[in-house]
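**Q** Quick one, my_file_0.pdb (PDB, C-alpha atoms and all ligand atoms):
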ATOM      1  CA  MET A   1      37.426 -48.648  98.147  1.00  0.00           C
ATOM      2  CA  ILE A   2      38.864 -45.387  99.388  1.00  0.00           C
ATOM      3  CA  LEU A   3      37.255 -42.502  97.525  1.00  0.00           C
ATOM      4  CA  PRO A   4      38.880 -39.110  96.952  1.00  0.00           C
ATOM      5  CA  ILE A   5      37.524 -36.440  99.297  1.00  0.00           C
ATOM      6  CA  VAL A   6      36.632 -33.250  97.457  1.00  0.00           C
ATOM      7  CA  ALA A   7      38.425 -30.159  98.671  1.00  0.00           C
ATOM      8  CA  TYR A   8      37.172 -26.699  99.530  1.00  0.00           C
ATOM      9  CA  GLY A   9      36.145 -24.771  96.421  1.00  0.00           C
ATOM     10  CA  ASP A  10      34.395 -27.645  94.669  1.00  0.00           C
ATOM     11  CA  PRO A  11      30.854 -26.519  93.742  1.00  0.00           C
ATOM     12  CA  VAL A  12      29.363 -29.811  95.027  1.00  0.00           C
ATOM     13  CA  LEU A  13      30.129 -28.646  98.580  1.00  0.00           C
ATOM     14  CA  LYS A  14      27.883 -25.580  98.078  1.00  0.00           C
ATOM     15  CA  LYS A  15      24.885 -27.468  96.696  1.00  0.00           C
ATOM     16  CA  LYS A  16      21.762 -28.242  98.668  1.00  0.00           C
ATOM     17  CA  ALA A  17      21.670 -32.023  98.399  1.00  0.00           C
ATOM     18  CA  THR A  18      18.560 -34.025  97.484  1.00  0.00           C
ATOM     19  CA  ASP A  19      16.726 -36.906  99.197  1.00  0.00           C
ATOM     20  CA  ILE A  20      17.296 -40.465  98.041  1.00  0.00           C
ATOM     21  CA  THR A  21      15.091 -43.557  97.924  1.00  0.00           C
ATOM     22  CA  LYS A  22      15.690 -47.169  98.880  1.00  0.00           C
ATOM     23  CA  ASP A  23      16.493 -48.095  95.276  1.00  0.00           C
ATOM     24  CA  TYR A  24      19.497 -45.765  95.096  1.00  0.00           C
ATOM     25  CA  PRO A  25      21.995 -47.669  92.925  1.00  0.00           C
ATOM     26  CA  LYS A  26      24.629 -49.719  94.760  1.00  0.00           C
ATOM     27  CA  PHE A  27      23.767 -48.140  98.080  1.00  0.00           C
ATOM     28  CA  ASP A  28      25.423 -50.845 100.204  1.00  0.00           C
ATOM     29  CA  ASP A  29      28.698 -50.464  98.316  1.00  0.00           C
ATOM     30  CA  LEU A  30      28.500 -46.710  98.686  1.00  0.00           C
ATOM     31  CA  LEU A  31      28.142 -47.006 102.484  1.00  0.00           C
ATOM     32  CA  VAL A  32      31.061 -49.425 102.761  1.00  0.00           C
ATOM     33  CA  ASN A  33      33.210 -47.107 100.660  1.00  0.00           C
ATOM     34  CA  MET A  34      32.218 -44.045 102.652  1.00  0.00           C
ATOM     35  CA  PHE A  35      33.109 -45.696 105.982  1.00  0.00           C
ATOM     36  CA  GLU A  36      36.414 -46.900 104.555  1.00  0.00           C
ATOM     37  CA  THR A  37      37.153 -43.400 103.237  1.00  0.00           C
ATOM     38  CA  MET A  38      36.273 -41.768 106.559  1.00  0.00           C
ATOM     39  CA  TYR A  39      38.331 -44.170 108.698  1.00  0.00           C
ATOM     40  CA  ASN A  40      41.292 -43.884 106.334  1.00  0.00           C
ATOM     41  CA  ALA A  41      41.293 -40.101 106.826  1.00  0.00           C
ATOM     42  CA  TYR A  42      40.793 -40.403 110.625  1.00  0.00           C
ATOM     43  CA  GLY A  43      37.536 -38.494 110.329  1.00  0.00           C
ATOM     44  CA  VAL A  44      34.534 -38.859 112.645  1.00  0.00           C
ATOM     45  CA  GLY A  45      31.966 -37.881 110.024  1.00  0.00           C
ATOM     46  CA  LEU A  46      31.635 -37.837 106.251  1.00  0.00           C
ATOM     47  CA  ALA A  47      28.846 -36.437 104.093  1.00  0.00           C
ATOM     48  CA  ALA A  48      28.092 -37.648 100.560  1.00  0.00           C
ATOM     49  CA  PRO A  49      28.833 -34.228  98.965  1.00  0.00           C
ATOM     50  CA  GLN A  50      32.386 -34.623 100.280  1.00  0.00           C
ATOM     51  CA  ILE A  51      32.859 -37.547  97.911  1.00  0.00           C
ATOM     52  CA  GLY A  52      31.146 -35.652  95.101  1.00  0.00           C
ATOM     53  CA  LEU A  53      27.544 -36.867  95.525  1.00  0.00           C
ATOM     54  CA  PRO A  54      24.898 -34.181  96.154  1.00  0.00           C
ATOM     55  CA  ILE A  55      22.590 -36.519  98.125  1.00  0.00           C
ATOM     56  CA  ARG A  56      21.264 -36.257 101.675  1.00  0.00           C
ATOM     57  CA  LEU A  57      23.417 -38.925 103.247  1.00  0.00           C
ATOM     58  CA  PHE A  58      26.067 -38.720 105.929  1.00  0.00           C
ATOM     59  CA  ILE A  59      27.797 -41.155 108.228  1.00  0.00           C
ATOM     60  CA  ILE A  60      29.268 -40.714 111.680  1.00  0.00           C
ATOM     61  CA  ASP A  61      31.524 -42.720 113.962  1.00  0.00           C
ATOM     62  CA  THR A  62      32.794 -40.615 116.835  1.00  0.00           C
ATOM     63  CA  THR A  63      34.816 -43.435 118.448  1.00  0.00           C
ATOM     64  CA  PRO A  64      38.277 -42.007 117.511  1.00  0.00           C
ATOM     65  CA  PHE A  65      37.204 -38.684 119.030  1.00  0.00           C
ATOM     66  CA  SER A  66      36.521 -40.429 122.387  1.00  0.00           C
ATOM     67  CA  GLU A  67      40.253 -41.004 122.832  1.00  0.00           C
ATOM     68  CA  ASP A  68      40.910 -37.271 123.212  1.00  0.00           C
ATOM     69  CA  ASP A  69      42.412 -36.819 126.696  1.00  0.00           C
ATOM     70  CA  ASP A  70      41.078 -33.263 127.021  1.00  0.00           C
ATOM     71  CA  LEU A  71      37.497 -34.533 127.153  1.00  0.00           C
ATOM     72  CA  SER A  72      35.492 -35.326 130.281  1.00  0.00           C
ATOM     73  CA  GLU A  73      34.672 -38.953 131.097  1.00  0.00           C
ATOM     74  CA  ALA A  74      31.006 -38.273 130.258  1.00  0.00           C
ATOM     75  CA  ASP A  75      31.940 -36.907 126.817  1.00  0.00           C
ATOM     76  CA  LYS A  76      34.262 -39.846 126.162  1.00  0.00           C
ATOM     77  CA  GLU A  77      31.517 -42.271 127.056  1.00  0.00           C
ATOM     78  CA  ALA A  78      28.983 -40.545 124.781  1.00  0.00           C
ATOM     79  CA  LEU A  79      31.401 -40.535 121.841  1.00  0.00           C
ATOM     80  CA  ASN A  80      32.745 -44.078 122.212  1.00  0.00           C
ATOM     81  CA  GLY A  81      30.912 -46.415 119.849  1.00  0.00           C
ATOM     82  CA  PHE A  82      28.511 -43.795 118.487  1.00  0.00           C
ATOM     83  CA  ARG A  83      28.060 -44.881 114.880  1.00  0.00           C
ATOM     84  CA  ARG A  84      25.152 -43.894 112.668  1.00  0.00           C
ATOM     85  CA  VAL A  85      24.023 -43.592 109.081  1.00  0.00           C
ATOM     86  CA  PHE A  86      21.736 -40.620 108.432  1.00  0.00           C
ATOM     87  CA  ILE A  87      19.610 -40.638 105.277  1.00  0.00           C
ATOM     88  CA  ASN A  88      17.299 -37.741 104.301  1.00  0.00           C
ATOM     89  CA  ALA A  89      17.866 -36.286 107.753  1.00  0.00           C
ATOM     90  CA  LYS A  90      15.999 -33.298 109.129  1.00  0.00           C
ATOM     91  CA  ILE A  91      16.857 -31.360 112.251  1.00  0.00           C
ATOM     92  CA  ILE A  92      13.386 -30.608 113.602  1.00  0.00           C
ATOM     93  CA  GLU A  93      14.487 -28.886 116.797  1.00  0.00           C
ATOM     94  CA  GLU A  94      17.638 -27.077 117.843  1.00  0.00           C
ATOM     95  CA  THR A  95      17.673 -25.610 121.365  1.00  0.00           C
ATOM     96  CA  GLY A  96      19.879 -24.266 124.159  1.00  0.00           C
ATOM     97  CA  ASP A  97      22.528 -21.567 124.421  1.00  0.00           C
ATOM     98  CA  GLU A  98      25.073 -21.515 121.630  1.00  0.00           C
ATOM     99  CA  TRP A  99      28.528 -22.756 122.585  1.00  0.00           C
ATOM    100  CA  ALA A 100      31.855 -22.599 120.774  1.00  0.00           C
ATOM    101  CA  PHE A 101      33.883 -25.609 119.705  1.00  0.00           C
ATOM    102  CA  ASN A 102      36.989 -25.802 117.543  1.00  0.00           C
ATOM    103  CA  GLU A 103      35.883 -27.578 114.362  1.00  0.00           C
ATOM    104  CA  GLY A 104      37.759 -29.011 111.423  1.00  0.00           C
ATOM    105  CA  CYS A 105      36.701 -30.672 108.176  1.00  0.00           C
ATOM    106  CA  LEU A 106      38.190 -33.363 105.937  1.00  0.00           C
ATOM    107  CA  SER A 107      37.474 -31.114 102.927  1.00  0.00           C
ATOM    108  CA  ILE A 108      39.366 -28.221 104.540  1.00  0.00           C
ATOM    109  CA  PRO A 109      42.571 -29.770 105.899  1.00  0.00           C
ATOM    110  CA  ASP A 110      44.652 -27.911 108.491  1.00  0.00           C
ATOM    111  CA  VAL A 111      42.010 -25.264 109.166  1.00  0.00           C
ATOM    112  CA  ARG A 112      40.394 -25.309 112.602  1.00  0.00           C
ATOM    113  CA  GLU A 113      38.197 -22.557 113.995  1.00  0.00           C
ATOM    114  CA  ASP A 114      35.705 -22.038 116.784  1.00  0.00           C
ATOM    115  CA  VAL A 115      32.116 -22.422 115.597  1.00  0.00           C
ATOM    116  CA  PHE A 116      29.016 -21.557 117.635  1.00  0.00           C
ATOM    117  CA  ARG A 117      26.113 -24.015 117.673  1.00  0.00           C
ATOM    118  CA  LYS A 118      23.191 -24.897 119.914  1.00  0.00           C
ATOM    119  CA  PRO A 119      23.766 -27.949 122.132  1.00  0.00           C
ATOM    120  CA  ASN A 120      20.504 -29.921 121.770  1.00  0.00           C
ATOM    121  CA  ILE A 121      18.916 -31.263 118.608  1.00  0.00           C
ATOM    122  CA  VAL A 122      16.055 -33.528 117.615  1.00  0.00           C
ATOM    123  CA  MET A 123      16.444 -35.361 114.315  1.00  0.00           C
ATOM    124  CA  GLU A 124      14.206 -37.294 111.981  1.00  0.00           C
ATOM    125  CA  TYR A 125      16.049 -39.523 109.549  1.00  0.00           C
ATOM    126  CA  LEU A 126      16.178 -42.904 107.864  1.00  0.00           C
ATOM    127  CA  ASP A 127      18.770 -45.376 109.099  1.00  0.00           C
ATOM    128  CA  GLU A 128      20.876 -47.616 106.836  1.00  0.00           C
ATOM    129  CA  ASN A 129      17.853 -49.912 106.374  1.00  0.00           C
ATOM    130  CA  PHE A 130      15.714 -46.907 105.357  1.00  0.00           C
ATOM    131  CA  GLU A 131      13.723 -47.291 108.577  1.00  0.00           C
ATOM    132  CA  PRO A 132      12.428 -43.960 109.938  1.00  0.00           C
ATOM    133  CA  GLN A 133      13.975 -42.833 113.236  1.00  0.00           C
ATOM    134  CA  LYS A 134      13.434 -39.936 115.591  1.00  0.00           C
ATOM    135  CA  GLU A 135      16.190 -39.279 118.076  1.00  0.00           C
ATOM    136  CA  SER A 136      17.605 -36.494 120.274  1.00  0.00           C
ATOM    137  CA  PHE A 137      21.294 -35.769 120.620  1.00  0.00           C
ATOM    138  CA  ASP A 138      23.341 -33.360 122.662  1.00  0.00           C
ATOM    139  CA  GLY A 139      26.840 -32.116 123.338  1.00  0.00           C
ATOM    140  CA  LEU A 140      29.671 -33.267 121.104  1.00  0.00           C
ATOM    141  CA  VAL A 141      27.600 -35.932 119.359  1.00  0.00           C
ATOM    142  CA  ALA A 142      25.085 -33.232 118.346  1.00  0.00           C
ATOM    143  CA  ARG A 143      28.014 -31.050 117.276  1.00  0.00           C
ATOM    144  CA  VAL A 144      29.365 -33.683 114.860  1.00  0.00           C
ATOM    145  CA  ILE A 145      25.863 -34.288 113.481  1.00  0.00           C
ATOM    146  CA  GLN A 146      25.247 -30.543 112.985  1.00  0.00           C
ATOM    147  CA  HIS A 147      28.546 -30.221 111.092  1.00  0.00           C
ATOM    148  CA  GLU A 148      27.683 -33.114 108.751  1.00  0.00           C
ATOM    149  CA  TYR A 149      24.086 -31.949 108.409  1.00  0.00           C
ATOM    150  CA  ASP A 150      25.362 -28.577 107.210  1.00  0.00           C
ATOM    151  CA  HIS A 151      27.224 -30.405 104.430  1.00  0.00           C
ATOM    152  CA  ILE A 152      23.997 -31.778 102.956  1.00  0.00           C
ATOM    153  CA  ASP A 153      22.626 -28.226 102.981  1.00  0.00           C
ATOM    154  CA  GLY A 154      25.708 -26.957 101.148  1.00  0.00           C
ATOM    155  CA  VAL A 155      27.115 -25.167 104.192  1.00  0.00           C
ATOM    156  CA  LEU A 156      30.711 -25.374 105.444  1.00  0.00           C
ATOM    157  CA  PHE A 157      31.913 -24.443 108.917  1.00  0.00           C
ATOM    158  CA  THR A 158      33.972 -21.652 107.365  1.00  0.00           C
ATOM    159  CA  ASP A 159      30.701 -20.026 106.215  1.00  0.00           C
ATOM    160  CA  LYS A 160      29.814 -19.550 109.888  1.00  0.00           C
ATOM    161  CA  LEU A 161      32.921 -17.543 110.805  1.00  0.00           C
ATOM    162  CA  SER A 162      33.105 -13.794 111.321  1.00  0.00           C
ATOM    163  CA  SER A 163      34.110 -11.762 108.262  1.00  0.00           C
ATOM    164  CA  LEU A 164      37.442 -10.986 109.919  1.00  0.00           C
ATOM    165  CA  LYS A 165      38.192 -14.686 110.472  1.00  0.00           C
ATOM    166  CA  LYS A 166      37.137 -15.391 106.880  1.00  0.00           C
ATOM    167  CA  LYS A 167      39.616 -12.781 105.638  1.00  0.00           C
ATOM    168  CA  LEU A 168      42.390 -14.264 107.760  1.00  0.00           C
ATOM    169  CA  ILE A 169      42.004 -17.775 106.347  1.00  0.00           C
ATOM    170  CA  LYS A 170      41.236 -16.775 102.735  1.00  0.00           C
ATOM    171  CA  GLY A 171      44.767 -17.483 101.496  1.00  0.00           C
ATOM    172  CA  LYS A 172      44.779 -20.891 103.162  1.00  0.00           C
ATOM    173  CA  LEU A 173      41.444 -21.779 101.541  1.00  0.00           C
ATOM    174  CA  THR A 174      42.686 -20.706  98.099  1.00  0.00           C
ATOM    175  CA  ASN A 175      45.719 -22.941  98.532  1.00  0.00           C
ATOM    176  CA  ILE A 176      43.522 -25.874  99.519  1.00  0.00           C
ATOM    177  CA  SER A 177      41.415 -25.439  96.343  1.00  0.00           C
ATOM    178  CA  LYS A 178      44.619 -25.480  94.312  1.00  0.00           C
ATOM    179  CA  GLY A 179      45.941 -28.576  96.055  1.00  0.00           C
ATOM    180  CA  LYS A 180      48.834 -26.656  97.581  1.00  0.00           C
ATOM    181  CA  ILE A 181      48.664 -28.571 100.810  1.00  0.00           C
ATOM    182  CA  ASN A 182      50.146 -31.638 102.430  1.00  0.00           C
ATOM    183  CA  VAL A 183      47.499 -34.157 103.245  1.00  0.00           C
ATOM    184  CA  ASP A 184      47.900 -37.867 103.943  1.00  0.00           C
ATOM    185  CA  TYR A 185      44.592 -39.051 102.454  1.00  0.00           C
ATOM    186  CA  ARG A 186      43.221 -39.089  98.909  1.00  0.00           C
ATOM    187  CA  MET A 187      41.706 -35.765  97.785  1.00  0.00           C
ATOM    188  CA  ARG A 188      40.365 -34.087  94.665  1.00  0.00           C
ATOM    189  CA  PHE A 189      41.166 -30.400  94.269  1.00  0.00           C
ATOM    190  CA  PRO A 190      38.912 -28.217  92.081  1.00  0.00           C
ATOM    191  CA  ASP A 191      41.560 -25.701  91.018  1.00  0.00           C
ATOM    192  CA  GLN A 192      44.589 -27.931  90.729  1.00  0.00           C
ATOM    193  CA  LYS A 193      46.592 -27.381  87.551  1.00  0.00           C
ATOM    194  CA  LYS A 194      47.016 -30.558  85.593  1.00  0.00           C
ATOM    195  CA  LYS A 195      50.439 -32.126  85.888  1.00  0.00           C
ATOM    196  CA  ARG A 196      52.238 -32.726  82.599  1.00  0.00           C
TER
HETATM  197 ZN    ZN B   1      33.127 -31.288 107.106  1.00  0.00          ZN
END
Any chance you could put this one into structure tokens?

**A**
Amino acid sequence: MILPIVAYGDPVLKKKATDITKDYPKFDDLLVNMFETMYNAYGVGLAAPQIGLPIRLFIIDTTPFSEDDDLSEADKEALNGFRRVFINAKIIEETGDEWAFNEGCLSIPDVREDVFRKPNIVMEYLDENFEPQKESFDGLVARVIQHEYDHIDGVLFTDKLSSLKKKLIKGKLTNISKGKINVDYRMRFPDQKKKR
């Protein structure tokens, strides 16, 4: 089932999400629905708060991203087939010199801005079977993970922009909250006036 993706301005996107346990109700259905929702919107990552659930869960499949012709062969190879479920994830190490990459977000359609992040991370998380994992990631894969990880901490990429950039996109963000935007996937807008 394709779920509506909550748009910028919804308070659930600002909440620090909470850990879940193995007995989380209908977890398997939730995962299936989240993957379906992400693929339908041509996203490469989706965090539970983006479908209205303040829990520490996000999914990633960077395969569509690997088809970008501007990327190096090494990047393409790293992105192709990278699919993970991250439950109760923790970034335990973040190292290297910050680098800029133009990010976007399914909750903030048509806004893309350069965001600075460190290139190397070490993560502890539970996989889809609630088995503990410890893994390192780098480059664009780390970038996608860091973006989704921010979501479960209630942080959006727009929070990381300079105050000037924030001012410049303010009007756009207000319009997104109101649903004044063309988007080809299902969304829920916090400030949309009810249609009569
Ligand atoms: Zn996002």

**Q** Find, counting only C-alpha atoms and all ligand atoms, the residue in A:Met123, A:Ile169, A:Ile145, A:Leu161 that gets nearest to ligand ZN 1 (chain B).

**A**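 Between A:Met123, A:Ile169, A:Ile145, A:Leu161, the residue approaching ligand ZN 1 (chain B) most closely is A:Ile145.
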
**Q** What does the PyMOL selection byres (((chain A and resi 7-24) around 10) and not hetatm) select in this file, as a PyMOL selection string?

**A** chain A and resi 4-6+25-28+30+47-57+87-89+105-109+126+128-131+150-156+158+173-179+187-191

**Q** Using the chain letters and numbers from this file, what does the PyMOL selection byres (((chain A and resi 78) around 12) and not hetatm) select? Give the answer as a tab-separated table (two decimals) with C-alpha atoms, in the frame of the given file.

**A**
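So the final result, stored in selection-v6.tsv, reads:
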chain	number	residue	atom	x	y	z
A	61	ASP	CA	31.52	-42.72	113.96
A	62	THR	CA	32.79	-40.62	116.84
A	63	THR	CA	34.82	-43.44	118.45
A	64	PRO	CA	38.28	-42.01	117.51
A	65	PHE	CA	37.20	-38.68	119.03
A	66	SER	CA	36.52	-40.43	122.39
A	67	GLU	CA	40.25	-41.00	122.83
A	71	LEU	CA	37.50	-34.53	127.15
A	72	SER	CA	35.49	-35.33	130.28
A	73	GLU	CA	34.67	-38.95	131.10
A	74	ALA	CA	31.01	-38.27	130.26
A	75	ASP	CA	31.94	-36.91	126.82
A	76	LYS	CA	34.26	-39.85	126.16
A	77	GLU	CA	31.52	-42.27	127.06
A	79	LEU	CA	31.40	-40.53	121.84
A	80	ASN	CA	32.74	-44.08	122.21
A	81	GLY	CA	30.91	-46.42	119.85
A	82	PHE	CA	28.51	-43.80	118.49
A	83	ARG	CA	28.06	-44.88	114.88
A	137	PHE	CA	21.29	-35.77	120.62
A	138	ASP	CA	23.34	-33.36	122.66
A	139	GLY	CA	26.84	-32.12	123.34
A	140	LEU	CA	29.67	-33.27	121.10
A	141	VAL	CA	27.60	-35.93	119.36
A	142	ALA	CA	25.08	-33.23	118.35

**Q** Pick the closest to Tyr149 of chain A from A:Ala100, A:Tyr125, A:Asp70, A:Lys170: which is it, counting all atoms listed in the file?

**A**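 Selected residue with least distance to Tyr149 of chain A: A:Tyr125.
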
**Q** Between A:Ile59, A:Val85, A:Val183, A:Ile91, which residue has the minimum interatomic distance to ligand ZN 1 (chain B), considering all atoms listed in the file?

**A**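 That would be A:Ile59, the residue with the smallest distance to ligand ZN 1 (chain B).
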
**Q** Using all atoms listed in the file, can you tell me which of A:Glu113, A:Glu135, A:Glu103, A:Asp184 comes closest to ligand ZN 1 (chain B)?

**A**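 For ligand ZN 1 (chain B), the nearest of the given residues is A:Glu103.
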